[in-house]
$ cat input-v4.txt   # compact mmCIF, C-alpha atoms
# COMPACT_ATOMS: atom_id res chain seq x y z
CA LEU A 701 51.87 -32.96 98.16
CA VAL A 702 55.46 -31.80 98.68
CA ARG A 703 57.97 -32.75 101.33
CA VAL A 704 61.43 -31.19 101.61
CA GLU A 705 64.20 -32.73 103.72
CA ARG A 706 67.97 -33.29 103.58
CA GLY A 707 68.44 -31.14 100.52
CA GLY A 708 65.84 -33.00 98.45
CA ARG A 709 62.20 -32.58 97.50
CA MET A 710 59.62 -35.35 97.22
CA LEU A 711 56.50 -34.68 95.15
CA VAL A 712 53.32 -36.79 95.12
CA GLU A 713 50.82 -35.33 92.63
CA PRO A 714 47.38 -36.83 91.93
CA VAL A 715 46.12 -35.57 88.55
CA ALA A 716 42.65 -35.78 87.02
CA ALA A 717 40.52 -34.20 84.31
CA ALA A 718 36.98 -34.51 82.91
CA TYR A 719 35.92 -33.94 79.29
CA PHE A 720 32.38 -33.43 78.02
CA ALA A 721 31.55 -33.57 74.30
CA PRO A 722 28.60 -34.66 72.13
CA ASN A 723 28.35 -38.32 71.18
CA LEU A 724 29.08 -38.36 67.45
CA GLY A 725 27.81 -41.87 66.81
CA ASP A 726 29.62 -44.48 64.74
CA GLN A 727 32.35 -42.52 62.93
CA ARG A 728 33.43 -45.67 61.08
CA GLU A 729 30.76 -44.83 58.51
CA LEU A 730 32.72 -41.68 57.54
CA PRO A 731 35.80 -41.58 55.26
CA ASN A 732 39.13 -41.58 57.06
CA GLU A 733 42.24 -40.40 55.23
CA ASP A 734 44.39 -38.57 57.76
CA SER A 735 43.52 -40.13 61.16
CA LEU A 736 44.54 -43.74 60.57
CA GLY A 737 47.36 -43.74 63.12
CA LEU A 738 46.77 -43.31 66.84
CA THR A 739 49.30 -43.48 69.66
CA PHE A 740 48.21 -43.63 73.30
CA ASP A 741 50.88 -42.89 75.91
CA ASP A 742 51.69 -40.72 78.93
CA THR A 743 52.47 -37.68 76.75
CA ASN A 744 48.90 -37.39 75.37
CA LEU A 745 46.85 -38.95 78.18
CA PHE A 746 45.31 -35.55 79.02
CA ARG A 747 44.98 -34.31 75.45
CA THR A 748 41.45 -33.42 74.32
CA ASN A 749 41.83 -35.23 70.98
CA ARG A 750 44.53 -37.81 70.28
CA PHE A 751 43.89 -38.22 66.55
CA SER A 752 46.60 -36.69 64.39
CA GLY A 753 44.25 -35.55 61.60
CA TYR A 754 40.78 -34.06 61.14
CA ASP A 755 38.77 -37.09 59.97
CA ARG A 756 38.25 -38.48 63.47
CA VAL A 757 37.40 -36.71 66.74
CA GLU A 758 37.14 -38.16 70.24
CA SER A 759 33.62 -37.68 71.56
CA GLY A 760 31.46 -38.41 74.58
CA VAL A 761 32.11 -38.05 78.30
CA ARG A 762 35.38 -39.27 79.79
CA THR A 763 37.56 -38.83 82.83
CA VAL A 764 41.34 -39.16 83.01
CA TYR A 765 43.25 -39.81 86.21
CA GLY A 766 46.75 -40.68 87.30
CA LEU A 767 49.47 -40.32 89.88
CA ASN A 768 52.81 -38.57 89.38
CA THR A 769 55.72 -38.88 91.83
CA GLU A 770 59.16 -37.29 91.65
CA TYR A 771 62.23 -36.84 93.82
CA ALA A 772 64.81 -34.13 93.04
CA ASN A 773 67.78 -32.69 94.94
CA ALA A 774 70.41 -29.96 94.69
CA ARG A 775 72.84 -32.31 92.89
CA GLN A 776 70.51 -32.23 89.85
CA GLN A 777 69.41 -35.81 90.47
CA ARG A 778 65.82 -36.70 89.57
CA PHE A 779 63.77 -39.87 89.88
CA GLY A 780 60.10 -40.11 88.95
CA VAL A 781 57.22 -42.48 88.20
CA PHE A 782 53.88 -41.74 86.51
CA LEU A 783 50.88 -44.03 85.97
CA GLY A 784 47.52 -43.10 84.43
CA GLN A 785 44.32 -44.39 82.84
CA GLN A 786 41.10 -43.18 81.24
CA TYR A 787 37.43 -44.08 81.74
CA ARG A 788 34.64 -43.43 79.20
CA THR A 789 30.92 -43.66 79.77
CA ARG A 790 30.63 -45.48 76.43
CA GLU A 791 33.04 -47.19 74.03
CA GLU A 792 34.80 -44.99 71.46
CA THR A 793 34.01 -46.33 67.97
CA ALA A 794 36.25 -43.74 66.27
CA ALA A 795 39.39 -45.34 67.73
CA PRO A 796 40.86 -48.43 66.06
CA SER A 797 40.10 -51.70 67.79
CA GLY A 798 42.88 -52.56 70.24
CA SER A 799 44.31 -49.03 70.28
CA GLY A 800 43.96 -48.83 74.05
CA ILE A 801 41.24 -46.13 74.20
CA ASP A 802 38.39 -47.88 72.33
CA THR A 803 36.99 -49.54 75.50
CA LYS A 804 35.38 -47.91 78.56
CA PHE A 805 38.46 -48.48 80.73
CA SER A 806 41.58 -47.68 78.71
CA ASP A 807 44.95 -49.36 78.90
CA PHE A 808 47.38 -48.21 81.56
CA VAL A 809 50.17 -45.86 80.43
CA GLY A 810 53.18 -44.82 82.45
CA ARG A 811 56.67 -43.42 82.62
CA VAL A 812 59.78 -44.08 84.72
CA LEU A 813 62.51 -41.42 84.77
CA ALA A 814 65.97 -41.63 86.33
CA VAL A 815 68.62 -38.90 86.21
CA PRO A 816 71.37 -40.01 88.63
CA HIS A 817 73.84 -37.54 87.06
CA PRO A 818 73.43 -34.52 84.73
CA TRP A 819 75.31 -36.53 82.11
CA LEU A 820 73.10 -39.63 82.41
CA THR A 821 69.34 -39.80 81.72
CA ALA A 822 67.24 -42.97 81.47
CA THR A 823 63.57 -43.07 80.52
CA TYR A 824 61.10 -45.93 80.18
CA ARG A 825 57.57 -45.48 78.79
CA PHE A 826 54.99 -48.25 78.58
CA GLN A 827 51.41 -49.21 77.75
CA THR A 828 49.85 -52.31 79.30
CA ASP A 829 46.56 -54.01 78.51
CA ASN A 830 43.75 -53.13 80.90
CA THR A 831 42.45 -56.70 81.23
CA ASN A 832 45.46 -59.02 81.31
CA ARG A 833 48.27 -56.48 82.06
CA GLU A 834 50.18 -57.61 78.97
CA LEU A 835 52.92 -55.19 77.86
CA LEU A 836 51.85 -53.77 74.49
CA ARG A 837 54.22 -50.82 73.99
CA SER A 838 57.59 -50.04 75.54
CA ILE A 839 60.09 -47.29 74.75
CA SER A 840 63.42 -47.33 76.57
CA SER A 841 66.02 -44.60 76.11
CA LEU A 842 69.42 -43.78 77.58
CA SER A 843 71.45 -40.60 77.05
CA LEU A 844 75.12 -40.27 77.99
CA GLY A 845 77.46 -37.30 78.04
CA PRO A 846 77.34 -33.50 78.35
CA ALA A 847 75.56 -31.21 75.90
CA ALA A 848 78.83 -30.73 73.99
CA LEU A 849 78.99 -34.43 73.07
CA ARG A 850 75.95 -36.57 73.82
CA TYR A 851 75.08 -40.10 72.71
CA SER A 852 71.57 -41.51 72.93
CA ILE A 853 70.28 -45.03 72.37
CA SER A 854 66.63 -46.08 72.37
CA HIS A 855 64.66 -49.29 71.94
CA VAL A 856 61.06 -49.31 70.71
CA ARG A 857 58.76 -52.30 70.84
CA VAL A 858 55.12 -52.03 69.72
CA ASP A 859 52.91 -55.11 69.74
CA ARG A 860 51.10 -55.96 66.53
CA ALA A 861 47.80 -55.75 68.47
CA LEU A 862 48.13 -51.94 68.49
CA GLN A 863 48.54 -51.78 64.69
CA PRO A 864 45.59 -53.24 62.79
CA THR A 865 47.31 -52.92 59.40
CA ALA A 866 50.76 -54.16 60.48
CA THR A 867 52.05 -57.60 59.54
CA ALA A 868 54.41 -57.88 62.53
CA SER A 869 55.33 -56.19 65.78
CA ILE A 870 57.75 -53.24 65.72
CA ASN A 871 61.13 -53.95 67.28
CA GLN A 872 63.64 -51.18 66.57
CA LEU A 873 66.87 -49.78 67.95
CA GLY A 874 67.83 -46.14 67.47
CA HIS A 875 71.15 -44.32 67.86
CA ALA A 876 71.90 -40.59 67.90
CA LEU A 877 75.14 -38.68 68.42
CA SER A 878 75.13 -34.91 68.87
CA ALA A 879 78.27 -32.75 69.05
CA ALA A 880 78.75 -29.00 69.52
CA ILE A 881 81.30 -27.64 67.03
CA SER A 882 81.21 -24.12 68.51
CA GLU A 883 78.85 -21.87 70.43
CA ASN A 884 76.47 -21.59 67.45
CA TRP A 885 77.19 -24.71 65.40
CA ARG A 886 76.38 -28.33 66.14
CA VAL A 887 76.03 -31.56 64.20
CA GLN A 888 73.93 -34.65 64.76
CA GLY A 889 73.98 -38.15 63.29
CA ARG A 890 71.24 -40.78 63.67
CA LEU A 891 70.52 -44.37 62.73
CA ILE A 892 67.43 -46.56 63.16
CA GLN A 893 67.65 -50.30 62.66
CA GLN A 894 65.15 -53.14 62.69
CA LEU A 895 65.80 -56.06 65.05
CA GLY A 896 64.70 -59.64 64.66
CA ALA A 897 64.24 -61.82 61.58
CA ASP A 898 64.11 -58.87 59.14
CA SER A 899 66.98 -56.98 60.74
CA GLY A 900 68.64 -54.13 58.86
CA VAL A 901 69.12 -50.37 58.68
CA LEU A 902 65.82 -48.51 58.24
CA VAL A 903 66.90 -44.85 58.39
CA VAL A 904 70.30 -43.16 58.50
CA GLY A 905 71.00 -39.45 58.35
CA GLY A 906 72.76 -36.38 59.66
CA THR A 907 71.95 -32.73 60.35
CA LEU A 908 74.04 -29.57 60.57
CA PHE A 909 72.56 -26.87 62.83
CA TYR A 910 73.26 -23.17 63.30
CA GLU A 911 71.53 -21.27 66.11
CA ASP A 912 71.75 -17.72 67.48
CA ASP A 913 69.44 -15.17 69.11
CA CYS A 914 67.63 -14.38 65.84
CA PHE A 915 67.14 -17.63 63.93
CA VAL A 916 67.90 -21.34 63.62
CA TRP A 917 68.65 -23.18 60.44
CA GLY A 918 69.51 -26.77 59.66
CA LEU A 919 70.65 -28.82 56.68
CA ASP A 920 69.43 -32.41 56.88
CA LEU A 921 70.44 -35.39 54.72
CA THR A 922 68.43 -38.60 55.25
CA ARG A 923 68.41 -42.00 53.58
CA ARG A 924 65.21 -44.00 54.15
CA ASN A 925 65.31 -47.72 53.29
CA ILE A 926 61.66 -48.41 54.08
CA GLY A 927 58.54 -47.67 52.10
CA ARG A 928 55.79 -49.07 49.91
CA ALA A 929 54.70 -48.83 46.29
CA GLU A 930 53.31 -45.28 46.49
CA ILE A 931 56.07 -44.08 48.89
CA PRO A 932 59.26 -45.94 47.91
CA PRO A 933 62.59 -45.69 49.79
CA ASP A 934 64.44 -42.46 48.99
CA THR A 935 67.21 -40.03 49.89
CA SER A 936 66.21 -36.49 50.86
CA LEU A 937 68.01 -33.21 51.43
CA LEU A 938 66.03 -30.72 53.51
CA PHE A 939 66.91 -27.14 54.40
CA ARG A 940 64.94 -25.68 57.30
CA ILE A 941 65.11 -22.13 58.66
CA ALA A 942 63.19 -20.79 61.66
CA LEU A 943 62.93 -17.16 62.71
CA ARG A 944 62.48 -17.04 66.46
CA ASN A 945 58.86 -16.21 67.40
CA LEU A 946 57.88 -15.87 63.70
CA GLY A 947 57.72 -19.44 62.40
CA GLN A 948 59.75 -21.59 60.02
CA LEU A 949 60.27 -22.45 56.36
CA ALA A 950 61.35 -25.83 54.97
CA LEU A 951 62.71 -26.42 51.47
CA ARG A 952 63.39 -29.88 50.06
CA GLY A 953 66.33 -30.18 47.68
CA PHE A 954 65.60 -33.69 46.39
$ encode --input "input-v4.txt" --output "structure tokens"
Amino acid sequence: LVRVERGGRMLVEPVAAAYFAPNLGDQRELPNEDSLGLTFDDTNLFRTNRFSGYDRVESGVRTVYGLNTEYANARQQRFGVFLGQQYRTREETAAPSGSGIDTKFSDFVGRVLAVPHPWLTATYRFQTDNTNRELLRSISSLSLGPAALRYSISHVRVDRALQPTATASINQLGHALSAAISENWRVQGRLIQQLGADSGVLVVGGTLFYEDDCFVWGLDLTRRNIGRAEIPPDTSLLFRIALRNLGQLALRGF
């Protein structure tokens, strides 16, 4: 539903989908190596399979529905809100308990977008519990400046209930600064830090990019201060080159 008046356009868009697949039974009896993590948000609400690997597959009959609204005008201003949910005919045993999609009625996921100026963009994404409306996941981001010099800050909070193997909730703050050196060259720096009792720098790094009509390449240096016994903290140097429309190649220096 679209309405245009006074140089602006208002959009109200109901969205829905239905998926039909065989019931695969209790997949918890099968080994799981590459599908341990699962994120449920507005970006994958309509995806056929939300598992990142091949060891788990969403099955059964389900419907997805939501409502998207947006206002935009000739001054490049945009404001929008999206809210959606999923319903299954039976519970999904392949999904981790508390993930948000393991019950018949899923959690609610949504997005709020505000672009009052081309140099200012604010986004808020969230996931709330279906039963008690408790906020389980929130991602807030703010970007300032033109493409030539743009600073972004984001805050991520993920409740421990969404991470069965986690010892605490995630509470992180991220920074990124991107600058255009010339028409083809740009540089970016980034930093992610943990907030709360165990505060500190988690990841810091920088990337040098070159881009033209034929290919894109980047040289990335990253220091990671988090890890575990089998994947300890490290410093990596990665060279990545992509030929437009042909794919990419990544080489790790150390």
$ closest_residue --input "input-v4.txt" --among "A:Asp898, A:Ala866, A:His875, A:Ser797" --to "Ser841 in chain A" --atoms "only C-alpha atoms"
A:His875
$ closest_residue --input "input-v4.txt" --among "A:Asp741, A:Glu733, A:Glu930, A:Asp912" --to "Arg811 in chain A" --atoms "only C-alpha atoms"
A:Asp741
$ closest_atom_pairs --input "input-v4.txt" --of "range 824-858 of chain A" --to "range 736-739 of chain A" --cutoff "12 Å" --atoms "all atoms listed in the file" --output "CSV"
residue,atom,partner,partner_atom,distance
A:Phe826,CA,A:Thr739,CA,11.6
A:Gln827,CA,A:Thr739,CA,10.1
A:Leu836,CA,A:Thr739,CA,11.6
A:Arg837,CA,A:Thr739,CA,9.8
A:Val858,CA,A:Thr739,CA,10.3
$ closest_residue --input "input-v4.txt" --among "A:Leu730, A:Val715, A:Met710, A:Ala721" --to "Gly784 in chain A" --atoms "only C-alpha atoms"
A:Val715
$ residues_near_point --input "input-v4.txt" --point "(74.0, -33.7, 90.9)" --cutoff "10 Å" --atoms "all atoms listed in the file" --output "PyMOL selection string"
chain A and resi 772-778+815-819
$ atom_distance --input "input-v4.txt" --atom1 "CA of Gly725 in chain A" --atom2 "CA of Gln863 in chain A"
23.1 Å
$ atom_distance --input "input-v4.txt" --atom1 "CA of Phe779 in chain A" --atom2 "CA of Leu820 in chain A"
12.0 Å
$ closest_atom_pairs --input "input-v4.txt" --of "range 826-876 of chain A" --to "range 892-895 of chain A" --cutoff "10 Å" --atoms "only C-alpha atoms" --output "CSV"
residue,atom,partner,partner_atom,distance
A:Ile853,CA,A:Ile892,CA,9.8
A:Ser854,CA,A:Ile892,CA,9.3
A:His855,CA,A:Ile892,CA,9.6
A:Val856,CA,A:Gln894,CA,9.8
A:Arg857,CA,A:Leu895,CA,9.9
A:Ile870,CA,A:Gln894,CA,8.0
A:Asn871,CA,A:Leu895,CA,5.6
A:Gln872,CA,A:Gln894,CA,4.6
A:Leu873,CA,A:Gln893,CA,5.4
A:Gly874,CA,A:Ile892,CA,4.3
A:His875,CA,A:Ile892,CA,6.4
A:Ala876,CA,A:Ile892,CA,8.8
$ residues_near_point --input "input-v4.txt" --point "(35.9, -42.5, 56.7)" --cutoff "12 Å" --atoms "all atoms listed in the file" --output "PyMOL selection string"
chain A and resi 726-736+753-757+794-795
